Structures are given as structure tokens and as C-alpha cells.
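Q: Sending over input_17.cif (mmCIF, C-alpha atoms).
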```
data_upload
#
loop_
_atom_site.label_atom_id
_atom_site.label_comp_id
_atom_site.auth_asym_id
_atom_site.auth_seq_id
_atom_site.Cartn_x
_atom_site.Cartn_y
_atom_site.Cartn_z
CA MET A 1 64.15 61.51 -49.49
CA ALA A 2 61.13 62.45 -51.54
CA ILE A 3 58.23 64.81 -51.15
CA PHE A 4 54.75 63.31 -50.84
CA ASN A 5 51.53 65.30 -50.87
CA LEU A 6 49.06 63.55 -48.61
CA THR A 7 45.47 64.15 -47.57
CA VAL A 8 45.15 63.14 -43.92
CA ASN A 9 41.83 63.63 -42.17
CA GLY A 10 40.71 65.93 -44.98
CA LYS A 11 43.75 68.21 -44.71
CA LYS A 12 46.47 68.40 -47.29
CA THR A 13 49.98 68.01 -45.97
CA LYS A 14 53.42 67.70 -47.53
CA VAL A 15 56.09 65.40 -46.09
CA ASP A 16 59.70 64.86 -47.10
CA VAL A 17 60.48 61.25 -46.20
CA GLU A 18 62.12 58.11 -47.53
CA PRO A 19 59.80 56.42 -50.09
CA ASP A 20 59.89 53.11 -48.21
CA MET A 21 58.87 54.65 -44.87
CA PRO A 22 55.72 52.96 -43.55
CA LEU A 23 52.63 55.15 -43.46
CA LEU A 24 52.45 54.55 -39.69
CA TRP A 25 55.67 56.49 -39.08
CA VAL A 26 54.75 59.21 -41.56
CA VAL A 27 51.45 59.78 -39.75
CA ARG A 28 52.99 59.67 -36.27
CA ASP A 29 56.37 61.35 -36.76
CA PHE A 30 55.85 63.74 -39.67
CA VAL A 31 52.14 64.58 -39.56
CA GLY A 32 52.16 64.54 -35.74
CA LEU A 33 49.09 62.37 -35.15
CA LYS A 34 49.93 59.94 -32.35
CA GLY A 35 46.61 58.06 -32.06
CA THR A 36 47.64 55.37 -34.53
CA LYS A 37 49.74 52.87 -32.59
CA PHE A 38 52.68 50.61 -33.36
CA GLY A 39 51.92 47.08 -32.27
CA CYS A 40 53.73 44.24 -33.99
CA GLY A 41 55.16 45.89 -37.10
CA MET A 42 54.00 42.93 -39.21
CA ALA A 43 50.35 43.88 -39.94
CA GLN A 44 49.20 41.08 -37.61
CA CYS A 45 47.73 42.88 -34.59
CA GLY A 46 45.71 45.78 -36.07
CA ALA A 47 46.92 48.49 -33.66
CA CYS A 48 48.14 50.55 -36.63
CA THR A 49 44.85 50.48 -38.56
CA VAL A 50 43.92 53.60 -40.52
CA HIS A 51 41.57 54.06 -43.45
CA VAL A 52 42.98 54.55 -46.92
CA ASN A 53 40.17 55.59 -49.25
CA GLY A 54 37.68 54.28 -46.69
CA GLU A 55 39.22 50.83 -46.29
CA ALA A 56 40.81 49.57 -43.09
CA THR A 57 44.55 49.34 -43.78
CA ARG A 58 47.50 48.25 -41.63
CA SER A 59 49.72 51.31 -41.83
CA CYS A 60 52.85 49.60 -40.48
CA GLN A 61 53.36 47.70 -43.73
CA ILE A 62 52.30 50.29 -46.32
CA PRO A 63 55.21 52.28 -47.76
CA VAL A 64 54.17 55.89 -48.28
CA SER A 65 55.32 55.61 -51.91
CA SER A 66 52.72 52.90 -52.59
CA LEU A 67 49.78 55.21 -51.91
CA ALA A 68 47.83 56.49 -54.87
CA LYS A 69 48.42 60.16 -55.58
CA ASN A 70 44.91 61.14 -54.46
CA ALA A 71 44.64 58.69 -51.54
CA LYS A 72 42.55 59.88 -48.61
CA ILE A 73 43.96 58.77 -45.28
CA THR A 74 41.81 58.86 -42.16
CA THR A 75 43.28 58.24 -38.73
CA ILE A 76 41.55 57.82 -35.37
CA GLU A 77 41.83 61.60 -34.91
CA GLY A 78 39.76 62.13 -38.07
CA ILE A 79 36.91 59.77 -37.17
CA GLY A 80 35.33 61.97 -34.50
CA GLU A 81 36.79 65.37 -35.23
CA THR A 82 33.58 67.36 -34.96
CA GLN A 83 31.28 64.87 -33.21
CA LEU A 84 31.83 61.41 -31.80
CA HIS A 85 31.32 58.67 -34.35
CA ALA A 86 28.67 56.11 -33.39
CA VAL A 87 31.44 53.57 -32.73
CA GLN A 88 33.25 55.94 -30.39
CA GLN A 89 30.03 56.67 -28.49
CA ALA A 90 29.25 52.95 -28.25
CA TRP A 91 32.78 52.28 -26.96
CA ILE A 92 32.12 54.75 -24.13
CA GLU A 93 28.66 53.39 -23.34
CA GLU A 94 29.82 49.75 -23.36
CA GLN A 95 33.06 50.58 -21.52
CA VAL A 96 34.98 48.67 -24.19
CA PRO A 97 38.61 49.65 -23.48
CA GLN A 98 40.60 48.15 -20.68
CA CYS A 99 44.21 49.21 -21.17
CA GLY A 100 43.19 51.01 -24.37
CA TYR A 101 46.34 50.44 -26.43
CA CYS A 102 44.60 48.57 -29.26
CA GLN A 103 41.47 50.69 -29.27
CA SER A 104 42.32 53.12 -32.06
CA GLY A 105 42.85 50.15 -34.39
CA GLN A 106 39.74 48.41 -33.07
CA ILE A 107 37.62 51.51 -33.66
CA MET A 108 39.01 52.07 -37.15
CA SER A 109 38.23 48.47 -38.10
CA ALA A 110 34.76 48.63 -36.55
CA VAL A 111 33.94 51.81 -38.50
CA ALA A 112 35.07 50.14 -41.74
CA LEU A 113 33.00 47.04 -40.93
CA LEU A 114 29.84 49.08 -40.37
CA LYS A 115 30.33 50.89 -43.68
CA THR A 116 30.23 47.60 -45.57
CA THR A 117 27.95 45.63 -43.22
CA PRO A 118 25.54 48.00 -41.46
CA ASN A 119 23.76 45.22 -39.57
CA PRO A 120 26.49 42.70 -38.72
CA THR A 121 25.89 39.37 -37.04
CA ASP A 122 28.18 38.12 -34.28
CA GLU A 123 29.87 35.95 -36.91
CA ASP A 124 30.39 38.95 -39.22
CA ILE A 125 31.97 40.88 -36.36
CA ASP A 126 34.18 38.00 -35.24
CA THR A 127 35.37 37.38 -38.79
CA TYR A 128 36.02 41.02 -39.69
CA MET A 129 37.61 41.94 -36.38
CA SER A 130 39.76 38.80 -36.15
CA GLY A 131 42.81 40.74 -37.36
CA ASN A 132 42.62 43.11 -34.39
CA LEU A 133 44.17 41.71 -31.25
CA CYS A 134 43.27 42.81 -27.74
CA ARG A 135 45.64 41.55 -25.09
CA CYS A 136 43.11 42.44 -22.40
CA GLY A 137 40.49 40.22 -24.04
CA THR A 138 37.64 42.72 -24.32
CA TYR A 139 36.22 40.95 -27.38
CA ASP A 140 32.72 40.56 -25.91
CA ARG A 141 32.56 44.29 -25.16
CA ILE A 142 33.91 45.07 -28.64
CA ARG A 143 31.13 42.96 -30.16
CA LYS A 144 28.50 44.68 -27.98
CA GLY A 145 29.93 48.07 -28.92
CA ILE A 146 29.70 47.29 -32.62
CA HIS A 147 26.08 46.14 -32.27
CA ARG A 148 25.24 49.30 -30.31
CA ALA A 149 26.94 51.49 -32.93
CA ALA A 150 25.04 49.71 -35.71
CA GLU A 151 21.74 50.44 -33.93
CA SER A 152 22.72 54.10 -33.41
CA LEU A 153 23.66 54.51 -37.06
CA LYS A 154 20.38 52.93 -38.19
CA ALA A 155 18.45 55.26 -35.89
CA GLY A 156 20.48 58.27 -37.05
CA ASN A 157 21.34 59.16 -33.46
CA VAL A 158 25.11 59.62 -33.74
CA GLY A 159 27.56 60.83 -36.37
CA GLY A 160 29.16 58.52 -38.86
CA LYS A 161 31.94 59.40 -41.27
#
```
What's the C-alpha cells form of this structure?

A:
Amino acid sequence: MAIFNLTVNGKKTKVDVEPDMPLLWVVRDFVGLKGTKFGCGMAQCGACTVHVNGEATRSCQIPVSSLAKNAKITTIEGIGETQLHAVQQAWIEEQVPQCGYCQSGQIMSAVALLKTTPNPTDEDIDTYMSGNLCRCGTYDRIRKGIHRAAESLKAGNVGGK
């Protein structure tokens, strides 16, 4: 066991865990944030996506010991803490989720996409989001949601972290 000082959703927290423990389990079991989901355990499905220093990262395959000392981790709970993010609002308006299991990972990836590509094409979205699987097949609604969020962010109508 080792002690790690983490910054999760802007809050400093200390955890005493095995160095090889995946960030997913640290966030869920030791920090207590259950929004990040376990999907495949092989970084293939995207359900476990969080942001590490603003980049979409598959938390199921990242040992906590591999994080930089000053890494900033953002989970789905941190995206819309004070106000819905534009992606979250668009997800509601476009009725994106069906079963909802993959949605925290989908939203985290969509937020990261819009940070780097504020006006994505359908091809940009399909390429960037290809690592996020949705067993319900709501890909068309996800694409529409991302376009709607991009428009909202450009117009300054909804929050964006």
C-alpha cells in the first residue's frame, strides 16, 4: 500500500491503495464517485473514461502510480457540478441515453472532443468517439448531441468546463 495525493474534480484527496490499482477503482471505491463505470476492463469500450489533465483517459488501465504528482482528474461528477455542461444539456435535449450505462464515458469523451475541435464534422465525431461503445446503438443521437453542444458553446448559452 502507498499513499497518493490526488486532485479529483478540483478537490484534494488522499488515498492509501496498492500502486498498481487502476484509477477506475480508486475513483469508485476510495474516492466514492460511482459515475465512472466499469465496462470491459481493457480500455476498449470507453465506459470508464475520465479526464486526466483535460484529456480523455480510460481509467480502467491507468495504475494510480503512473499519474503525475500534480495530475488533475475530472470525473462525470465534476463536469456539471455547478451547472450542466453544454454536452449534458444537449444529451437531455436530444434524449441521447437509452439504457444509460455508457453515457458517463460518452459525455466525458464528447467534452474532450469539443475542447480540441469546437466545430466538429460528422467524420470528426465518428473518429473521436469510435472508442466509446454503446450497446443500445444511440450513435446518431450522440452525434446530434455533440453538434447541439458545439452550437451552445459557440453561442455561450451553456456552461463548459

Q: Looking at all atoms listed in the file, which of A:Pro97, A:Gly145, A:Pro19, A:Pro120 is the one that sits closest to Ser65 in chain A?

A: A:Pro19

Q: For Gly78 in chain A, which residue out of A:Gly46, A:Gly41, A:Gly137, A:Gly35 is the nearest one, using all atoms listed in the file?

A: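 Looking only at the distances to Gly78 in chain A, the closest residue turns out to be A:Gly35.
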
Q: Could you check which of A:Lys34, A:His51, A:Arg28, A:His85 is closest to Leu153 in chain A, using all atoms listed in the file?

A: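 Of the candidates, the smallest distance to Leu153 in chain A is held by A:His85.
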
Q: Once the PyMOL selection byres ((chain A and resi 77) around 9) is applied to the coordinates I shared, what remains selected? I want it as a list in words.

A: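 That selection, the PyMOL selection byres ((chain A and resi 77) around 9), comes back as Asn9, Leu33, Lys34, Gly35, Thr36, Thr74, Thr75, Ile76, Gly78, Ile79, Gly80, Glu81 and Ser104 of chain A.
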
Q: In terms of the shortest atom-to-atom distance over all atoms listed in the file, which of A:Gln89, A:Gln44, A:Ser59, A:Thr138 is closest to Ile73 in chain A?

A: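 Once distances to Ile73 in chain A are computed over all atoms listed in the file, the minimum belongs to A:Ser59.
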
Q: Calculate how many Å separate CA of Asp29 in chain A from CA of Ala112 in chain A, rounding to one decimal.

A: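 Answer for the CA of Asp29 in chain A to CA of Ala112 in chain A separation: 24.6 Å.
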
Q: Nearest to Leu84 in chain A: which of A:Thr116, A:Asn132, A:Thr7, A:Ser152 is it, counting only C-alpha atoms?

A: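 Once distances to Leu84 in chain A are computed over only C-alpha atoms, the minimum belongs to A:Ser152.
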
Q: Check the smallest atom-to-atom distance from each of A:Cys60, A:Ala86, A:Leu133, A:Cys102 to Lys154 in chain A using only C-alpha atoms, then report the winner.

A: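 Closest candidate: A:Ala86.
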
Q: What does the structure give for the distance between CA of Gln106 in chain A and CA of Thr13 in chain A, in Å to one decimal?

A: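 Spanning CA of Gln106 in chain A to CA of Thr13 in chain A is a straight-line distance of 25.6 Å.
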
Q: Decode the PyMOL selection byres ((chain A and resi 23) around 10) for the given file into explicit residues and return them as a PyMOL selection string.

A: chain A and resi 19-22+24-30+48+50+57-67+73

Q: Report the distance between CA of Lys115 in chain A and CA of Gly131 in chain A in Å, rounded to one decimal place.

A: 17.3 Å

Q: Determine, counting all atoms listed in the file, which protein, DNA and RNA residues have an atom within 10 Å of an atom of Met129 in chain A; residues of the same chain fewer than 6 positions away are not included. Present the result as a ChimeraX atom specification.

A: /A:46,105-107,109-110,113,123,139,142-143
